[in-house]
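**Q** Provided herewith is a single structure, encoded as structure tokens, for subsequent inquiry.
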Amino acid sequence: MNFLPVSIDIERESILIIGGGHVAIHKIESLEKFTQNIKVIALEVVDEIRERGFIDIVEKAYEPRDLKGHLLVYAATNNHELNSQIRADALNYRCLVNVVDKPSNCDFISPAIYKKDPMTVAVSSNGENVYAAINWRNKIKELGENGELPEVKTKEESRF
Ligand SMILES: C[C@@]1(CC(=O)O)c2cc3[nH]c(cc4nc(cc5[nH]c(cc(n2)[C@H]1CCC(=O)O)[C@@](C)(CC(=O)O)[C@@H]5CCC(=O)O)C(CC(=O)O)=C4CCC(=O)O)c(CCC(=O)O)c3CC(=O)O
Ligand SMILES: NC(=O)C1=CN([C@@H]2O[C@H](COP(=O)(O)OP(=O)(O)OC[C@H]3O[C@@H](n4cnc5c(N)ncnc54)[C@H](O)[C@@H]3O)[C@@H](O)[C@H]2O)C=CC1
């Protein structure tokens, strides 16, 4: 596996999550710091997703055509075969898919994020050790909360 970190403009994107359980909530907790343009398709959706109010929820079984028009897709069902099938289907729709139960079958993976406007830190272990990524992020967050990261000044003042 070899994942390149990039920052994607999602201003005009609707992000699709297939599956509405605990892992879907995880993904939403990161995504909602950046966008409310999120759609969830699942047989059943947990209350924590419903309570958010801004999420477009469709309670039904996944079908390949659901992928149409979505750049970023999270295959987050509890069905291993279905999650892999979603990535295979996505080849016909130009989507990038995060398969939550198989790092080696992902177009992209979700880093551990610390966001303090306008700065974002995203830590990844290249999909190899999610707990190490979370530990590093927590350490960076601690530095940020304790005022130990460089102050963000204007662009001119920040020049090297
Ligand atoms: C590869 C990746 C794919 C992807 O999902 O993109 C992946 C895969 C897997 N995670 C597993 C378990 C857990 N993951 C979390 C949490 C997070 N997982 C995230 C990312 C990633 N997880 C990607 C790699 C990122 C990298 O490169 O390092 C974070 C950082 C970001 C996010 O999800 O948004 C988010 C922290 C959110 C935050 O704190 O901000 C927790 C903790 C918790 O649930 O609270 C548990 C324990 C759950 C429990 O114990 O029940 C397992 C099960 C196998 C195992 O346990 O060994 C797999 C499958 C596997 O590794 O095979
Ligand atoms: N990447 C990560 O951070 C982590 C990944 N995992 C993996 O994530 C997977 C999902 O776990 P949970 O969210 O806890 O499961 P869950 O059981 O809480 O939720 C599963 C969801 O999938 C939906 N679903 C199942 N079949 C469907 C279909 N045909 N069409 C539409 N929706 C369908 C269900 O309705 C439900 O909303 C597990 O396979 C687990 O191994 C687990 C922990 C962390």
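Convention: chains lettered A, B, ... in structure tokens order; per-chain residue numbering from 1; ligands numbered from 1 as shown.
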What are the nearest atom pairs, with distances in Å to one decimal, for all residues of chain A that come at most 8 Å from ligand 2, using only C-alpha atoms and all ligand atoms, set out by chain and rising residue number as JSON lines?

**A**
```
{"residue": "A:Ile18", "atom": "CA", "partner": "ligand 2", "partner_atom_place_in_ligand_line": "32 (N)", "distance": 5.8}
{"residue": "A:Gly19", "atom": "CA", "partner": "ligand 2", "partner_atom_place_in_ligand_line": "22 (O)", "distance": 3.7}
{"residue": "A:Gly20", "atom": "CA", "partner": "ligand 2", "partner_atom_place_in_ligand_line": "37 (O)", "distance": 3.4}
{"residue": "A:Gly21", "atom": "CA", "partner": "ligand 2", "partner_atom_place_in_ligand_line": "18 (O)", "distance": 3.3}
{"residue": "A:His22", "atom": "CA", "partner": "ligand 2", "partner_atom_place_in_ligand_line": "13 (O)", "distance": 3.8}
{"residue": "A:Val23", "atom": "CA", "partner": "ligand 2", "partner_atom_place_in_ligand_line": "13 (O)", "distance": 3.7}
{"residue": "A:Ala24", "atom": "CA", "partner": "ligand 2", "partner_atom_place_in_ligand_line": "13 (O)", "distance": 5.6}
{"residue": "A:Ile25", "atom": "CA", "partner": "ligand 2", "partner_atom_place_in_ligand_line": "13 (O)", "distance": 7.6}
{"residue": "A:His26", "atom": "CA", "partner": "ligand 2", "partner_atom_place_in_ligand_line": "3 (O)", "distance": 7.0}
{"residue": "A:Lys27", "atom": "CA", "partner": "ligand 2", "partner_atom_place_in_ligand_line": "3 (O)", "distance": 7.7}
{"residue": "A:Ile41", "atom": "CA", "partner": "ligand 2", "partner_atom_place_in_ligand_line": "31 (C)", "distance": 5.9}
{"residue": "A:Ala42", "atom": "CA", "partner": "ligand 2", "partner_atom_place_in_ligand_line": "32 (N)", "distance": 3.4}
{"residue": "A:Leu43", "atom": "CA", "partner": "ligand 2", "partner_atom_place_in_ligand_line": "35 (O)", "distance": 3.7}
{"residue": "A:Glu44", "atom": "CA", "partner": "ligand 2", "partner_atom_place_in_ligand_line": "35 (O)", "distance": 3.9}
{"residue": "A:Val45", "atom": "CA", "partner": "ligand 2", "partner_atom_place_in_ligand_line": "37 (O)", "distance": 4.9}
{"residue": "A:Val46", "atom": "CA", "partner": "ligand 2", "partner_atom_place_in_ligand_line": "37 (O)", "distance": 6.9}
{"residue": "A:Glu59", "atom": "CA", "partner": "ligand 2", "partner_atom_place_in_ligand_line": "31 (C)", "distance": 7.6}
{"residue": "A:Lys60", "atom": "CA", "partner": "ligand 2", "partner_atom_place_in_ligand_line": "31 (C)", "distance": 6.0}
{"residue": "A:Ala61", "atom": "CA", "partner": "ligand 2", "partner_atom_place_in_ligand_line": "30 (N)", "distance": 3.6}
{"residue": "A:Tyr62", "atom": "CA", "partner": "ligand 2", "partner_atom_place_in_ligand_line": "30 (N)", "distance": 3.9}
{"residue": "A:Glu63", "atom": "CA", "partner": "ligand 2", "partner_atom_place_in_ligand_line": "30 (N)", "distance": 7.5}
{"residue": "A:Ala76", "atom": "CA", "partner": "ligand 2", "partner_atom_place_in_ligand_line": "10 (C)", "distance": 5.2}
{"residue": "A:Thr77", "atom": "CA", "partner": "ligand 2", "partner_atom_place_in_ligand_line": "22 (O)", "distance": 3.3}
{"residue": "A:Asn78", "atom": "CA", "partner": "ligand 2", "partner_atom_place_in_ligand_line": "10 (C)", "distance": 4.0}
{"residue": "A:Asn79", "atom": "CA", "partner": "ligand 2", "partner_atom_place_in_ligand_line": "26 (N)", "distance": 5.8}
{"residue": "A:His80", "atom": "CA", "partner": "ligand 2", "partner_atom_place_in_ligand_line": "39 (O)", "distance": 5.9}
{"residue": "A:Leu82", "atom": "CA", "partner": "ligand 2", "partner_atom_place_in_ligand_line": "29 (N)", "distance": 6.9}
{"residue": "A:Val99", "atom": "CA", "partner": "ligand 2", "partner_atom_place_in_ligand_line": "1 (N)", "distance": 7.5}
{"residue": "A:Val100", "atom": "CA", "partner": "ligand 2", "partner_atom_place_in_ligand_line": "1 (N)", "distance": 3.9}
{"residue": "A:Asp101", "atom": "CA", "partner": "ligand 2", "partner_atom_place_in_ligand_line": "7 (C)", "distance": 4.5}
{"residue": "A:Lys102", "atom": "CA", "partner": "ligand 2", "partner_atom_place_in_ligand_line": "1 (N)", "distance": 7.9}
{"residue": "A:Ser110", "atom": "CA", "partner": "ligand 2", "partner_atom_place_in_ligand_line": "1 (N)", "distance": 7.9}
{"residue": "A:Val130", "atom": "CA", "partner": "ligand 2", "partner_atom_place_in_ligand_line": "3 (O)", "distance": 7.9}
```

**Q** Using backbone DSSP assignments, extract all strand (DSSP E) residues from segment 8-58 of chain A; output them as a PyMOL selection string.

**A** chain A and resi 15-18+38-42+56-58

**Q** Considering only C-alpha atoms and all ligand atoms, tabulate each residue of chain A that lies at most 10 Å from ligand 1 along with its nearest interatomic pair and the corresponding distance in Å to one decimal; arrange the rows by chain and ascending residue number and present them as a Markdown table.

**A**
```
| residue | atom | partner | partner_atom_place_in_ligand_line | distance |
| --- | --- | --- | --- | --- |
| A:Asn2 | CA | ligand 1 | 27 (O) | 9.9 |
| A:Phe3 | CA | ligand 1 | 27 (O) | 8.2 |
| A:Pro5 | CA | ligand 1 | 27 (O) | 9.9 |
| A:His22 | CA | ligand 1 | 44 (O) | 8.0 |
| A:Val23 | CA | ligand 1 | 33 (O) | 7.1 |
| A:Ala24 | CA | ligand 1 | 33 (O) | 8.4 |
| A:Ile25 | CA | ligand 1 | 33 (O) | 8.8 |
| A:His26 | CA | ligand 1 | 33 (O) | 5.3 |
| A:Lys27 | CA | ligand 1 | 34 (O) | 4.4 |
| A:Ile28 | CA | ligand 1 | 34 (O) | 7.5 |
| A:Glu29 | CA | ligand 1 | 34 (O) | 7.1 |
| A:Ser30 | CA | ligand 1 | 34 (O) | 5.3 |
| A:Leu31 | CA | ligand 1 | 34 (O) | 7.6 |
| A:Tyr74 | CA | ligand 1 | 5 (O) | 8.3 |
| A:Ala75 | CA | ligand 1 | 5 (O) | 9.1 |
| A:Ala76 | CA | ligand 1 | 5 (O) | 8.4 |
| A:Val97 | CA | ligand 1 | 6 (O) | 9.4 |
| A:Asn98 | CA | ligand 1 | 6 (O) | 5.7 |
| A:Val99 | CA | ligand 1 | 4 (C) | 6.7 |
| A:Val100 | CA | ligand 1 | 5 (O) | 4.2 |
| A:Asp101 | CA | ligand 1 | 59 (C) | 4.5 |
| A:Lys102 | CA | ligand 1 | 62 (O) | 5.2 |
| A:Pro103 | CA | ligand 1 | 1 (C) | 4.4 |
| A:Ser104 | CA | ligand 1 | 1 (C) | 8.0 |
| A:Asn105 | CA | ligand 1 | 3 (C) | 9.4 |
| A:Cys106 | CA | ligand 1 | 3 (C) | 7.5 |
| A:Asp107 | CA | ligand 1 | 6 (O) | 9.5 |
| A:Phe108 | CA | ligand 1 | 6 (O) | 6.8 |
| A:Ile109 | CA | ligand 1 | 6 (O) | 3.5 |
| A:Ser110 | CA | ligand 1 | 6 (O) | 3.7 |
| A:Pro111 | CA | ligand 1 | 25 (C) | 4.7 |
| A:Ala112 | CA | ligand 1 | 30 (C) | 3.7 |
| A:Ile113 | CA | ligand 1 | 40 (O) | 5.6 |
| A:Tyr114 | CA | ligand 1 | 40 (O) | 7.6 |
| A:Ala122 | CA | ligand 1 | 30 (C) | 8.9 |
| A:Val123 | CA | ligand 1 | 28 (O) | 6.8 |
| A:Ser124 | CA | ligand 1 | 27 (O) | 3.6 |
| A:Ser125 | CA | ligand 1 | 28 (O) | 3.7 |
| A:Asn126 | CA | ligand 1 | 27 (O) | 4.1 |
| A:Gly127 | CA | ligand 1 | 27 (O) | 3.5 |
| A:Glu128 | CA | ligand 1 | 28 (O) | 6.0 |
| A:Asn129 | CA | ligand 1 | 28 (O) | 5.2 |
| A:Val130 | CA | ligand 1 | 28 (O) | 3.8 |
| A:Tyr131 | CA | ligand 1 | 28 (O) | 7.0 |
| A:Ala132 | CA | ligand 1 | 28 (O) | 6.8 |
| A:Ala133 | CA | ligand 1 | 28 (O) | 4.7 |
| A:Ile134 | CA | ligand 1 | 30 (C) | 5.7 |
| A:Asn135 | CA | ligand 1 | 39 (O) | 9.0 |
| A:Trp136 | CA | ligand 1 | 28 (O) | 9.9 |
| A:Arg137 | CA | ligand 1 | 39 (O) | 8.2 |
| A:Asn138 | CA | ligand 1 | 39 (O) | 8.3 |
```

**Q** Generate a file of the selected residues that holds C-alpha atoms, formatted as a PDB file, in the first residue's frame.

**A**
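Saved result, result02.pdb, follows:
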```pdb
ATOM      1  CA  ASN A   2       1.233   3.506  -0.775  1.00  0.00           C
ATOM      2  CA  PHE A   3      -1.197   6.339   0.007  1.00  0.00           C
ATOM      3  CA  PRO A   5      -1.905  12.617   1.326  1.00  0.00           C
ATOM      4  CA  HIS A  22     -20.881   2.724  14.280  1.00  0.00           C
ATOM      5  CA  VAL A  23     -18.150   3.068  11.706  1.00  0.00           C
ATOM      6  CA  ALA A  24     -20.357   5.386   9.645  1.00  0.00           C
ATOM      7  CA  ILE A  25     -20.613   7.631  12.734  1.00  0.00           C
ATOM      8  CA  HIS A  26     -16.788   7.688  12.968  1.00  0.00           C
ATOM      9  CA  LYS A  27     -16.547   8.828   9.408  1.00  0.00           C
ATOM     10  CA  ILE A  28     -19.228  11.460   9.929  1.00  0.00           C
ATOM     11  CA  GLU A  29     -17.436  12.826  13.010  1.00  0.00           C
ATOM     12  CA  SER A  30     -14.412  13.609  10.837  1.00  0.00           C
ATOM     13  CA  LEU A  31     -16.318  14.704   7.739  1.00  0.00           C
ATOM     14  CA  TYR A  74     -17.273   5.127   2.135  1.00  0.00           C
ATOM     15  CA  ALA A  75     -18.157   1.412   1.960  1.00  0.00           C
ATOM     16  CA  ALA A  76     -19.034   1.033   5.651  1.00  0.00           C
ATOM     17  CA  VAL A  97     -13.865   4.349  -2.341  1.00  0.00           C
ATOM     18  CA  ASN A  98     -12.792   3.875   1.287  1.00  0.00           C
ATOM     19  CA  VAL A  99     -13.463   0.203   2.119  1.00  0.00           C
ATOM     20  CA  VAL A 100     -13.539   0.343   5.926  1.00  0.00           C
ATOM     21  CA  ASP A 101     -12.746  -3.303   6.577  1.00  0.00           C
ATOM     22  CA  LYS A 102      -9.943  -3.797   4.038  1.00  0.00           C
ATOM     23  CA  PRO A 103      -7.143  -1.210   3.851  1.00  0.00           C
ATOM     24  CA  SER A 104      -5.513  -2.957   0.878  1.00  0.00           C
ATOM     25  CA  ASN A 105      -8.755  -2.550  -1.106  1.00  0.00           C
ATOM     26  CA  CYS A 106      -9.115   1.224  -0.615  1.00  0.00           C
ATOM     27  CA  ASP A 107      -8.693   4.009  -3.166  1.00  0.00           C
ATOM     28  CA  PHE A 108      -8.220   6.306  -0.173  1.00  0.00           C
ATOM     29  CA  ILE A 109      -8.031   5.883   3.594  1.00  0.00           C
ATOM     30  CA  SER A 110      -9.173   8.218   6.377  1.00  0.00           C
ATOM     31  CA  PRO A 111      -6.385   9.841   8.373  1.00  0.00           C
ATOM     32  CA  ALA A 112      -6.670  10.873  12.025  1.00  0.00           C
ATOM     33  CA  ILE A 113      -7.414  14.605  11.872  1.00  0.00           C
ATOM     34  CA  TYR A 114      -6.704  17.616  14.060  1.00  0.00           C
ATOM     35  CA  ALA A 122      -3.937  14.630   8.993  1.00  0.00           C
ATOM     36  CA  VAL A 123      -1.950  11.663  10.287  1.00  0.00           C
ATOM     37  CA  SER A 124      -1.836   8.329   8.501  1.00  0.00           C
ATOM     38  CA  SER A 125       0.085   5.118   9.120  1.00  0.00           C
ATOM     39  CA  ASN A 126      -0.369   4.221   5.450  1.00  0.00           C
ATOM     40  CA  GLY A 127      -3.234   1.990   6.607  1.00  0.00           C
ATOM     41  CA  GLU A 128      -0.891  -0.176   8.663  1.00  0.00           C
ATOM     42  CA  ASN A 129      -1.584   0.807  12.282  1.00  0.00           C
ATOM     43  CA  VAL A 130      -4.581   3.020  12.945  1.00  0.00           C
ATOM     44  CA  TYR A 131      -3.768   3.188  16.667  1.00  0.00           C
ATOM     45  CA  ALA A 132      -0.331   4.725  15.931  1.00  0.00           C
ATOM     46  CA  ALA A 133      -2.009   7.345  13.710  1.00  0.00           C
ATOM     47  CA  ILE A 134      -4.477   8.203  16.496  1.00  0.00           C
ATOM     48  CA  ASN A 135      -1.614   8.469  19.051  1.00  0.00           C
ATOM     49  CA  TRP A 136       0.381  10.879  16.879  1.00  0.00           C
ATOM     50  CA  ARG A 137      -2.714  12.990  16.187  1.00  0.00           C
ATOM     51  CA  ASN A 138      -3.517  13.154  19.900  1.00  0.00           C
TER      52      ASN A 138
END
```

**Q** Could you jot down the atom CA of Asp117 of chain A to atom CA of Gln36 of chain A separation for me, Å, one decimal place?

**A**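 Separating atom CA of Asp117 of chain A from atom CA of Gln36 of chain A is a distance of 17.0 Å.
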
**Q** In Å, how far is it from atom CA of Val73 of chain A to atom CA of Cys95 of chain A?

**A**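 Atom CA of Val73 of chain A sits 6.7 Å away from atom CA of Cys95 of chain A.
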